[in-house]
>>> print(open('structure-v4.txt').read())   # compact mmCIF, C-alpha atoms (C1' of nucleotides)
# COMPACT_ATOMS: atom_id res chain seq x y z
CA MET A 1 -25.57 -23.33 10.38
CA LYS A 2 -28.66 -21.64 11.75
CA LYS A 3 -29.07 -19.78 8.49
CA ILE A 4 -28.96 -22.96 6.46
CA ILE A 5 -31.70 -24.55 8.59
CA PHE A 6 -33.77 -21.41 8.32
CA VAL A 7 -33.40 -21.24 4.53
CA PHE A 8 -34.27 -24.89 4.06
CA GLY A 9 -37.28 -24.50 6.31
CA LEU A 10 -38.47 -21.66 4.14
CA LEU A 11 -37.86 -23.73 1.04
CA ILE A 12 -39.96 -26.66 2.26
CA LEU A 13 -42.69 -24.26 3.30
CA ALA A 14 -42.67 -22.65 -0.14
CA LEU A 15 -42.82 -26.06 -1.79
CA LEU A 16 -45.86 -27.09 0.23
CA LEU A 17 -47.57 -23.80 -0.49
CA LEU A 18 -46.95 -24.26 -4.18
CA PHE A 19 -48.45 -27.75 -4.10
CA GLN A 20 -51.58 -26.52 -2.43
CA PHE A 21 -51.79 -23.49 -4.67
CA SER A 22 -51.43 -25.55 -7.83
CA LYS A 23 -54.13 -28.00 -6.72
CA TYR A 24 -56.53 -25.23 -5.87
CA ALA A 25 -55.77 -23.37 -9.08
CA LEU A 26 -56.34 -26.46 -11.18
CA ILE A 27 -59.59 -27.41 -9.47
CA SER A 28 -61.06 -23.96 -9.60
CA SER A 29 -59.77 -23.64 -13.15
CA HIS A 30 -59.14 -19.95 -12.79
CA LEU A 31 -55.60 -20.27 -14.03
CA LYS A 32 -54.13 -22.15 -16.90
CA ILE A 33 -51.54 -24.79 -16.28
CA GLU A 34 -48.93 -22.84 -18.22
CA ILE A 35 -49.19 -19.92 -15.84
CA ILE A 36 -48.77 -22.12 -12.82
CA ILE A 37 -45.75 -23.81 -14.29
CA ALA A 38 -44.27 -20.48 -15.26
CA ILE A 39 -44.72 -19.15 -11.74
CA ILE A 40 -43.14 -22.23 -10.23
CA ALA A 41 -40.29 -22.10 -12.68
CA LEU A 42 -39.65 -18.43 -11.96
CA VAL A 43 -39.79 -18.93 -8.20
CA PHE A 44 -37.34 -21.81 -8.22
CA PHE A 45 -35.11 -20.07 -10.69
CA CYS A 46 -34.82 -17.19 -8.24
CA VAL A 47 -34.38 -19.58 -5.32
CA GLY A 48 -31.55 -21.28 -7.20
CA ILE A 49 -29.79 -18.00 -7.79
CA PHE A 50 -30.33 -16.94 -4.19
CA ILE A 51 -29.03 -20.19 -2.74
CA ASN A 52 -26.02 -20.13 -4.96
CA LYS A 53 -25.19 -16.58 -4.02
CA LYS A 54 -25.60 -17.00 -0.30
CA SER A 55 -24.39 -20.49 0.40
CA LEU A 56 -21.94 -21.32 -2.34
CA HIS A 57 -20.62 -17.97 -3.38
CA LYS A 58 -19.12 -16.92 -0.09
CA PRO A 59 -16.87 -19.86 0.78
CA THR A 60 -15.44 -20.08 -2.73
CA PRO A 61 -13.31 -16.90 -2.95
CA VAL A 62 -10.90 -18.49 -0.46
CA SER A 63 -10.57 -15.95 2.34
CA GLU A 64 -10.08 -12.49 0.91
CA ASP A 65 -9.78 -10.90 4.31
CA ILE A 66 -6.56 -10.65 6.29
CA ASN A 67 -5.91 -12.88 9.28
CA HIS A 68 -5.25 -10.53 12.18
CA GLN A 69 -4.80 -13.40 14.59
CA LYS A 70 -1.99 -14.77 12.44
CA ILE A 71 -0.22 -11.41 12.59
CA LYS A 72 -0.29 -11.56 16.38
CA ASP A 73 0.81 -15.17 16.37
CA LEU A 74 3.83 -14.25 14.29
CA ASP A 75 4.57 -11.47 16.79
CA ILE A 76 4.62 -8.81 14.08
CA SER A 77 4.37 -5.30 15.49
CA LYS A 78 2.26 -2.51 14.03
CA ARG A 79 5.24 -0.71 12.56
CA GLU A 80 6.67 -3.88 11.10
CA TYR A 81 3.35 -4.57 9.46
CA GLU A 82 3.31 -1.12 7.90
CA VAL A 83 6.73 -1.83 6.48
CA LEU A 84 5.45 -5.14 5.15
CA LEU A 85 2.67 -3.31 3.35
CA GLY A 86 5.26 -0.97 1.87
CA ILE A 87 7.19 -3.94 0.58
CA SER A 88 4.04 -5.37 -0.99
CA GLU A 89 3.59 -2.08 -2.82
CA GLY A 90 6.99 -2.58 -4.39
CA LEU A 91 8.67 0.24 -2.52
CA SER A 92 12.36 0.39 -1.66
CA ASN A 93 13.52 0.74 1.94
CA LYS A 94 14.24 4.39 1.29
CA GLU A 95 10.76 5.01 -0.12
CA ILE A 96 9.15 3.17 2.78
CA GLY A 97 11.13 5.39 5.13
CA GLU A 98 9.87 8.52 3.38
CA LYS A 99 6.33 7.22 3.55
CA LEU A 100 6.49 6.44 7.26
CA PHE A 101 8.68 9.48 8.10
CA VAL A 102 11.55 7.43 9.47
CA SER A 103 15.10 6.84 8.30
CA GLU A 104 16.15 4.09 5.94
CA SER A 105 18.05 2.54 8.84
CA THR A 106 14.87 2.10 10.80
CA VAL A 107 13.16 0.51 7.86
CA LYS A 108 16.08 -1.87 7.47
CA THR A 109 15.76 -2.87 11.09
CA HIS A 110 12.05 -3.52 10.68
CA VAL A 111 12.62 -5.46 7.48
CA SER A 112 15.30 -7.57 9.11
CA ASN A 113 13.01 -8.37 12.03
CA LEU A 114 10.16 -9.10 9.65
CA LEU A 115 12.24 -11.55 7.66
CA SER A 116 13.24 -13.53 10.71
CA LYS A 117 9.69 -13.52 12.06
CA LEU A 118 8.31 -14.67 8.73
CA ASN A 119 11.19 -17.09 8.37
CA ALA A 120 12.10 -15.58 4.99
CA LYS A 121 15.44 -14.90 3.37
CA ARG A 122 14.32 -12.13 1.04
CA ARG A 123 11.58 -9.56 0.93
CA THR A 124 10.03 -11.28 -2.06
CA GLN A 125 9.88 -14.51 -0.10
CA ALA A 126 8.37 -12.61 2.79
CA LEU A 127 5.65 -11.42 0.42
CA GLN A 128 4.93 -14.94 -0.71
CA ILE A 129 4.75 -16.25 2.85
CA ALA A 130 2.64 -13.30 3.98
CA LYS A 131 0.18 -13.91 1.18
CA ASP A 132 -0.02 -17.60 1.93
CA SER A 133 -0.68 -16.77 5.57
CA ASN A 134 -3.41 -14.30 4.57
CA ILE A 135 -1.87 -11.50 6.56
CA ILE A 136 -1.56 -9.35 3.47
CA MET B 1 -22.03 -12.72 -26.01
CA LYS B 2 -22.47 -15.81 -28.14
CA LYS B 3 -22.62 -17.91 -25.01
CA ILE B 4 -25.37 -15.81 -23.51
CA ILE B 5 -27.50 -16.13 -26.67
CA PHE B 6 -26.87 -19.86 -26.72
CA VAL B 7 -27.82 -20.30 -23.08
CA PHE B 8 -31.00 -18.27 -23.44
CA GLY B 9 -31.93 -20.23 -26.54
CA LEU B 10 -31.55 -23.43 -24.57
CA LEU B 11 -33.62 -21.95 -21.76
CA ILE B 12 -36.53 -21.07 -24.06
CA LEU B 13 -36.32 -24.48 -25.64
CA ALA B 14 -36.43 -26.15 -22.24
CA LEU B 15 -39.39 -24.04 -21.25
CA LEU B 16 -41.36 -25.04 -24.34
CA LEU B 17 -40.51 -28.67 -23.83
CA LEU B 18 -41.71 -28.51 -20.26
CA PHE B 19 -44.97 -26.98 -21.32
CA GLN B 20 -45.60 -29.71 -23.82
CA PHE B 21 -44.51 -32.37 -21.42
CA SER B 22 -46.77 -31.13 -18.66
CA LYS B 23 -49.76 -31.00 -20.97
CA TYR B 24 -49.14 -34.50 -22.24
CA ALA B 25 -48.52 -35.80 -18.76
CA LEU B 26 -51.73 -34.30 -17.46
CA ILE B 27 -53.86 -35.56 -20.32
CA SER B 28 -52.50 -39.05 -20.20
CA SER B 29 -52.76 -38.91 -16.42
CA HIS B 30 -49.75 -41.08 -15.97
CA LEU B 31 -48.15 -38.66 -13.61
CA LYS B 32 -49.48 -36.71 -10.69
CA ILE B 33 -49.40 -32.97 -10.76
CA GLU B 34 -47.06 -32.90 -7.77
CA ILE B 35 -44.43 -34.85 -9.62
CA ILE B 36 -44.55 -32.51 -12.58
CA ILE B 37 -44.26 -29.48 -10.40
CA ALA B 38 -41.40 -31.03 -8.49
CA ILE B 39 -39.55 -31.77 -11.71
CA ILE B 40 -40.07 -28.26 -12.99
CA ALA B 41 -38.99 -26.80 -9.68
CA LEU B 42 -35.88 -28.92 -9.61
CA VAL B 43 -34.97 -28.11 -13.19
CA PHE B 44 -35.29 -24.38 -12.73
CA PHE B 45 -33.58 -24.52 -9.40
CA CYS B 46 -30.59 -26.05 -11.16
CA VAL B 47 -30.87 -23.59 -14.01
CA GLY B 48 -30.84 -20.74 -11.51
CA ILE B 49 -27.69 -22.04 -9.88
CA PHE B 50 -26.07 -22.63 -13.25
CA ILE B 51 -26.88 -19.19 -14.59
CA ASN B 52 -25.66 -17.57 -11.42
CA LYS B 53 -22.42 -19.49 -11.52
CA LYS B 54 -21.65 -18.87 -15.17
CA SER B 55 -22.90 -15.38 -15.78
CA LEU B 56 -22.76 -13.65 -12.45
CA HIS B 57 -20.15 -15.53 -10.53
CA LYS B 58 -17.22 -15.04 -12.84
CA PRO B 59 -17.02 -11.26 -13.10
CA THR B 60 -17.36 -10.81 -9.34
CA PRO B 61 -14.21 -12.50 -7.97
CA VAL B 62 -12.17 -10.00 -9.97
CA SER B 63 -10.51 -12.19 -12.59
CA GLU B 64 -8.65 -15.06 -10.99
CA ASP B 65 -7.20 -16.24 -14.27
CA ILE B 66 -4.09 -14.81 -15.88
CA ASN B 67 -4.32 -12.49 -18.84
CA HIS B 68 -2.27 -14.10 -21.59
CA GLN B 69 -3.03 -11.32 -24.01
CA LYS B 70 -1.54 -8.81 -21.60
CA ILE B 71 1.67 -10.83 -21.46
CA LYS B 72 1.96 -10.61 -25.22
CA ASP B 73 1.11 -6.95 -25.22
CA LEU B 74 3.92 -6.32 -22.78
CA ASP B 75 6.23 -8.26 -25.10
CA ILE B 76 7.27 -10.63 -22.32
CA SER B 77 8.96 -13.78 -23.65
CA LYS B 78 8.38 -17.27 -22.35
CA ARG B 79 11.65 -17.39 -20.49
CA GLU B 80 11.16 -13.98 -18.99
CA TYR B 81 7.78 -15.08 -17.76
CA GLU B 82 9.27 -18.13 -16.11
CA VAL B 83 11.71 -15.86 -14.33
CA LEU B 84 8.82 -13.67 -13.24
CA LEU B 85 7.14 -16.71 -11.71
CA GLY B 86 10.37 -17.48 -9.91
CA ILE B 87 10.41 -13.99 -8.48
CA SER B 88 6.82 -14.36 -7.33
CA GLU B 89 7.86 -17.49 -5.46
CA GLY B 90 10.35 -15.43 -3.53
CA LEU B 91 13.42 -16.98 -5.12
CA SER B 92 16.77 -15.24 -5.54
CA ASN B 93 18.36 -14.85 -8.97
CA LYS B 94 20.71 -17.69 -8.14
CA GLU B 95 17.86 -19.98 -7.12
CA ILE B 96 15.88 -19.11 -10.23
CA GLY B 97 18.95 -19.98 -12.28
CA GLU B 98 19.23 -23.35 -10.59
CA LYS B 99 15.57 -24.00 -11.19
CA LEU B 100 15.74 -23.14 -14.89
CA PHE B 101 19.20 -24.65 -15.38
CA VAL B 102 20.82 -21.39 -16.47
CA SER B 103 23.46 -19.16 -14.95
CA GLU B 104 22.73 -16.31 -12.57
CA SER B 105 23.92 -13.93 -15.28
CA THR B 106 21.17 -15.09 -17.59
CA VAL B 107 18.57 -14.64 -14.90
CA LYS B 108 19.86 -11.13 -14.27
CA THR B 109 19.47 -10.32 -17.94
CA HIS B 110 15.92 -11.62 -17.95
CA VAL B 111 15.08 -9.75 -14.77
CA SER B 112 16.51 -6.54 -16.15
CA ASN B 113 14.47 -6.91 -19.33
CA LEU B 114 11.39 -7.76 -17.30
CA LEU B 115 11.75 -4.67 -15.16
CA SER B 116 11.97 -2.36 -18.16
CA LYS B 117 9.06 -4.09 -19.88
CA LEU B 118 6.93 -3.88 -16.75
CA ASN B 119 8.17 -0.37 -16.13
CA ALA B 120 9.34 -1.31 -12.66
CA LYS B 121 12.37 -0.29 -10.65
CA ARG B 122 12.52 -3.30 -8.38
CA ARG B 123 11.44 -6.92 -8.50
CA THR B 124 8.92 -6.29 -5.76
CA GLN B 125 7.40 -3.51 -7.81
CA ALA B 126 7.37 -5.83 -10.80
CA LEU B 127 5.35 -8.27 -8.73
CA GLN B 128 2.86 -5.61 -7.78
CA ILE B 129 2.45 -4.46 -11.39
CA ALA B 130 2.23 -8.03 -12.65
CA LYS B 131 -0.51 -8.80 -10.16
CA ASP B 132 -2.43 -5.69 -11.04
CA SER B 133 -2.18 -6.63 -14.71
CA ASN B 134 -3.38 -10.17 -13.95
CA ILE B 135 -0.44 -11.75 -15.65
CA ILE B 136 0.54 -13.57 -12.48
C1' DA C 1 12.10 2.24 40.72
C1' DA C 2 13.48 -1.21 37.57
C1' DA C 3 12.67 -4.22 33.86
C1' DT C 4 10.58 -4.88 29.40
C1' DG C 5 9.59 -4.28 24.65
C1' DG C 6 8.81 -1.37 20.73
C1' DA C 7 10.62 2.24 17.90
C1' DT C 8 14.18 4.92 16.45
C1' DC C 9 18.85 5.62 14.32
C1' DA C 10 23.76 4.86 13.28
C1' DT C 11 27.96 2.45 11.58
C1' DA C 12 30.20 -1.07 9.21
C1' DC C 13 29.98 -4.80 6.77
C1' DT C 14 28.47 -8.67 3.31
C1' DA C 15 25.35 -10.22 -0.03
C1' DA C 16 22.16 -9.61 -3.50
C1' DA C 17 20.08 -7.01 -7.06
C1' DG C 18 20.27 -4.36 -10.97
C1' DT C 19 22.61 -1.80 -15.14
C1' DA C 20 25.36 -1.44 -19.21
C1' DC C 21 27.55 -3.46 -22.77
C1' DC C 22 28.95 -7.04 -25.39
C1' DA C 23 28.88 -11.52 -27.80
C1' DA C 24 27.71 -16.10 -29.19
C1' DA C 25 24.40 -19.94 -29.79
C1' DT C 26 19.72 -21.26 -30.83
C1' DC C 27 15.32 -21.16 -33.00
C1' DA C 28 11.40 -19.94 -35.85
C1' DC C 29 10.14 -18.41 -40.16
C1' DT C 30 10.42 -17.14 -44.84
C1' DA D 1 20.04 -20.28 -46.38
C1' DG D 2 19.40 -15.98 -44.24
C1' DT D 3 17.07 -12.97 -40.91
C1' DG D 4 15.35 -11.45 -36.59
C1' DA D 5 14.10 -12.59 -32.02
C1' DT D 6 15.17 -15.27 -28.12
C1' DT D 7 18.22 -17.28 -25.02
C1' DT D 8 22.34 -17.62 -22.99
C1' DG D 9 26.46 -15.93 -20.65
C1' DG D 10 30.19 -12.94 -19.38
C1' DT D 11 32.61 -8.64 -17.15
C1' DA D 12 32.51 -4.58 -14.62
C1' DC D 13 30.13 -1.57 -12.18
C1' DT D 14 26.52 0.88 -9.05
C1' DT D 15 22.78 0.46 -6.14
C1' DT D 16 19.89 -1.73 -2.93
C1' DA D 17 19.10 -5.21 0.48
C1' DG D 18 20.16 -7.44 4.49
C1' DT D 19 23.06 -8.52 8.95
C1' DA D 20 25.24 -7.46 13.22
C1' DT D 21 25.80 -4.60 16.85
C1' DG D 22 25.01 -0.99 19.85
C1' DA D 23 22.66 2.92 21.58
C1' DT D 24 18.78 6.14 22.91
C1' DC D 25 13.97 7.16 23.89
C1' DC D 26 9.43 6.13 25.47
C1' DA D 27 5.51 3.76 27.27
C1' DT D 28 4.00 -0.16 29.77
C1' DT D 29 4.46 -3.58 33.11
C1' DT D 30 6.20 -5.63 37.30
>>> encode(input="structure-v4.txt", output="structure tokens")
Amino acid sequence: MKKIIFVFGLLILALLLLFQFSKYALISSHLKIEIIIAIIALVFFCVGIFINKKSLHKPTPVSEDINHQKIKDLDISKREYEVLLGISEGLSNKEIGEKLFVSESTVKTHVSNLLSKLNAKRRTQALQIAKDSNII
Amino acid sequence: MKKIIFVFGLLILALLLLFQFSKYALISSHLKIEIIIAIIALVFFCVGIFINKKSLHKPTPVSEDINHQKIKDLDISKREYEVLLGISEGLSNKEIGEKLFVSESTVKTHVSNLLSKLNAKRRTQALQIAKDSNII
DNA sequence: AAATGGATCATACTAAAGTACCAAATCACT
DNA sequence: AGTGATTTGGTACTTTAGTATGATCCATTT
């Protein structure tokens, strides 16, 4: 919010400066009208790109970052989350166990707890829910 | 490539038109210099946003759209692809069968073919590969 | 000190998933 | 009309996934 006000303030300031500059340049006849127009065009072209990048670009890619709060809300422990990441990599329970240096039984326990916490019936469904919840 | 040339051609054309317009407008004195500058500023502001959105915006959010060519390259049939989508929704083979109005056996066949085509051992791994290949 | 919760592991079981092989119906294309 | 690819479906089998239950260990909290 503060940034937007700041940027728009700068914009208005730049606009006023350009008006004054163009008047002065025309009266003193040191510069041709084409040059002035070119400068203005270039400046606002850059402003357009800048505005688009800062203000419109960021909200569009719909939350790429993971929602840590949601993980806590779902009461998912650290170990369970690691298992969830293993699932998202397409690993089997056995492979997840080897990766985390625990037995397959342990992984199964974590998976089972994960499924009930995510309210999923299968690991693939857990993936889908986890992605929708932005915790993955 | 063709698009870029086309866009730049339009840009140069617009620039020339603006030059001519500004000259005419100044000579005939129907418009004030501020108005002309404002119009030019607005136009190039919009052009800046447009260029940024079309040329720079798309490559950045790492390809949101699915790669149909890749699907063909992997020799994945239409039905197999539908099954793949079912998997990505977290459905079981039985549920996919109900959704596509075929038996679970058929779904199993499709899944098995999918896994070998995607070079995956499990459906979760198939999902991961499919996502990396932007076919999902 | 006792209770709590997370992590670990095991056993025994059921339910899915996946493989292999086969076979018939359908469809597009020549 | 015939050919090849797709789709469909079945049986029989192995493997993996998931559930239920119980138990131990450890760190934190009460």
>>> residues_around(input="structure-v4.txt", residues="DA25 in chain C", least_positions_apart="6", cutoff="12 Å", atoms="only C-alpha atoms (C1' of nucleotides)", output="PDB file with C-alpha atoms (C1' of nucleotides), in the frame of the given file")
ATOM      1  C1'  DT D   6      15.170 -15.270 -28.120  1.00  0.00           C
ATOM      2  C1'  DT D   7      18.220 -17.280 -25.020  1.00  0.00           C
ATOM      3  C1'  DT D   8      22.340 -17.620 -22.990  1.00  0.00           C
ATOM      4  C1'  DG D   9      26.460 -15.930 -20.650  1.00  0.00           C
TER       5       DG D   9
END
>>> atom_distance(input="structure-v4.txt", atom1="CA of Ile35 in chain A", atom2="CA of Leu16 in chain B")
12.6 Å
>>> atom_distance(input="structure-v4.txt", atom1="CA of Glu98 in chain B", atom2="CA of Ser77 in chain B")
19.2 Å
>>> residues_around(input="structure-v4.txt", residues="DG5 in chain C", least_positions_apart="6", cutoff="12 Å", atoms="only C-alpha atoms (C1' of nucleotides)", output="ChimeraX atom specification")
/A:75,77 /D:26-29
>>> write_last_selection(input="structure-v4.txt", atoms="C-alpha atoms (C1' of nucleotides)", output="PDB file, in the coordinates of the input")
ATOM      1  CA  ASP A  75       4.570 -11.470  16.790  1.00  0.00           C
ATOM      2  CA  SER A  77       4.370  -5.300  15.490  1.00  0.00           C
TER       3      SER A  77
ATOM      4  C1'  DC D  26       9.430   6.130  25.470  1.00  0.00           C
ATOM      5  C1'  DA D  27       5.510   3.760  27.270  1.00  0.00           C
ATOM      6  C1'  DT D  28       4.000  -0.160  29.770  1.00  0.00           C
ATOM      7  C1'  DT D  29       4.460  -3.580  33.110  1.00  0.00           C
TER       8       DT D  29
END
>>> closest_residue(input="structure-v4.txt", among="A:Asp132, A:Leu127, A:Leu91, A:Leu118", to="chain D", atoms="all atoms listed in the file")
A:Leu91
>>> closest_atom_pairs(input="structure-v4.txt", of="chain C", to="chain A", cutoff="12 Å", atoms="only C-alpha atoms (C1' of nucleotides)", output="tab-separated table")
residue	atom	partner	partner_atom	distance
C:DG5	C1'	A:Ser77	CA	10.6
C:DG6	C1'	A:Ser77	CA	7.9
C:DA7	C1'	A:Arg79	CA	8.1
C:DT8	C1'	A:Thr106	CA	6.4
C:DC9	C1'	A:Ser105	CA	6.3
C:DA10	C1'	A:Ser105	CA	7.6
C:DT11	C1'	A:Ser105	CA	10.3
C:DA15	C1'	A:Arg122	CA	11.2
C:DA16	C1'	A:Arg122	CA	9.4
C:DA17	C1'	A:Arg122	CA	11.2
>>> axis_aligned_box(input="structure-v4.txt", around="range 8-26 of chain C", padding_each_side="3 Å", output="lines of an AutoDock Vina configuration file")
center_x = 22.2
center_y = -7.8
center_z = -7.2
size_x = 22.0
size_y = 32.9
size_z = 53.3
>>> interface_residues(input="structure-v4.txt", of="chain A", to="chain B", cutoff="7 Å", atoms="all atoms listed in the file", output="compact mmCIF listing (two decimals) with C-alpha atoms, in the frame of the given file")
# COMPACT_ATOMS: atom_id res chain seq x y z
CA PHE A 19 -48.45 -27.75 -4.10
CA GLU A 34 -48.93 -22.84 -18.22
CA ILE A 40 -43.14 -22.23 -10.23
CA ALA A 41 -40.29 -22.10 -12.68
CA PHE A 44 -37.34 -21.81 -8.22
CA PHE A 45 -35.11 -20.07 -10.69
CA CYS A 46 -34.82 -17.19 -8.24
CA VAL A 47 -34.38 -19.58 -5.32
CA GLY A 48 -31.55 -21.28 -7.20
CA ILE A 49 -29.79 -18.00 -7.79
CA ASN A 52 -26.02 -20.13 -4.96
CA PRO A 61 -13.31 -16.90 -2.95
CA ILE A 87 7.19 -3.94 0.58
CA SER A 88 4.04 -5.37 -0.99
CA GLU A 89 3.59 -2.08 -2.82
CA GLY A 90 6.99 -2.58 -4.39
CA LEU A 91 8.67 0.24 -2.52
CA ARG A 122 14.32 -12.13 1.04
CA THR A 124 10.03 -11.28 -2.06
CA GLN A 125 9.88 -14.51 -0.10
CA GLN A 128 4.93 -14.94 -0.71
>>> atom_distance(input="structure-v4.txt", atom1="C1' of DA17 in chain D", atom2="CA of Ile71 in chain B")
28.6 Å
>>> closest_residue(input="structure-v4.txt", among="B:Ala130, B:Leu100, B:Leu84, B:Leu74", to="chain D", atoms="all atoms listed in the file")
B:Leu100
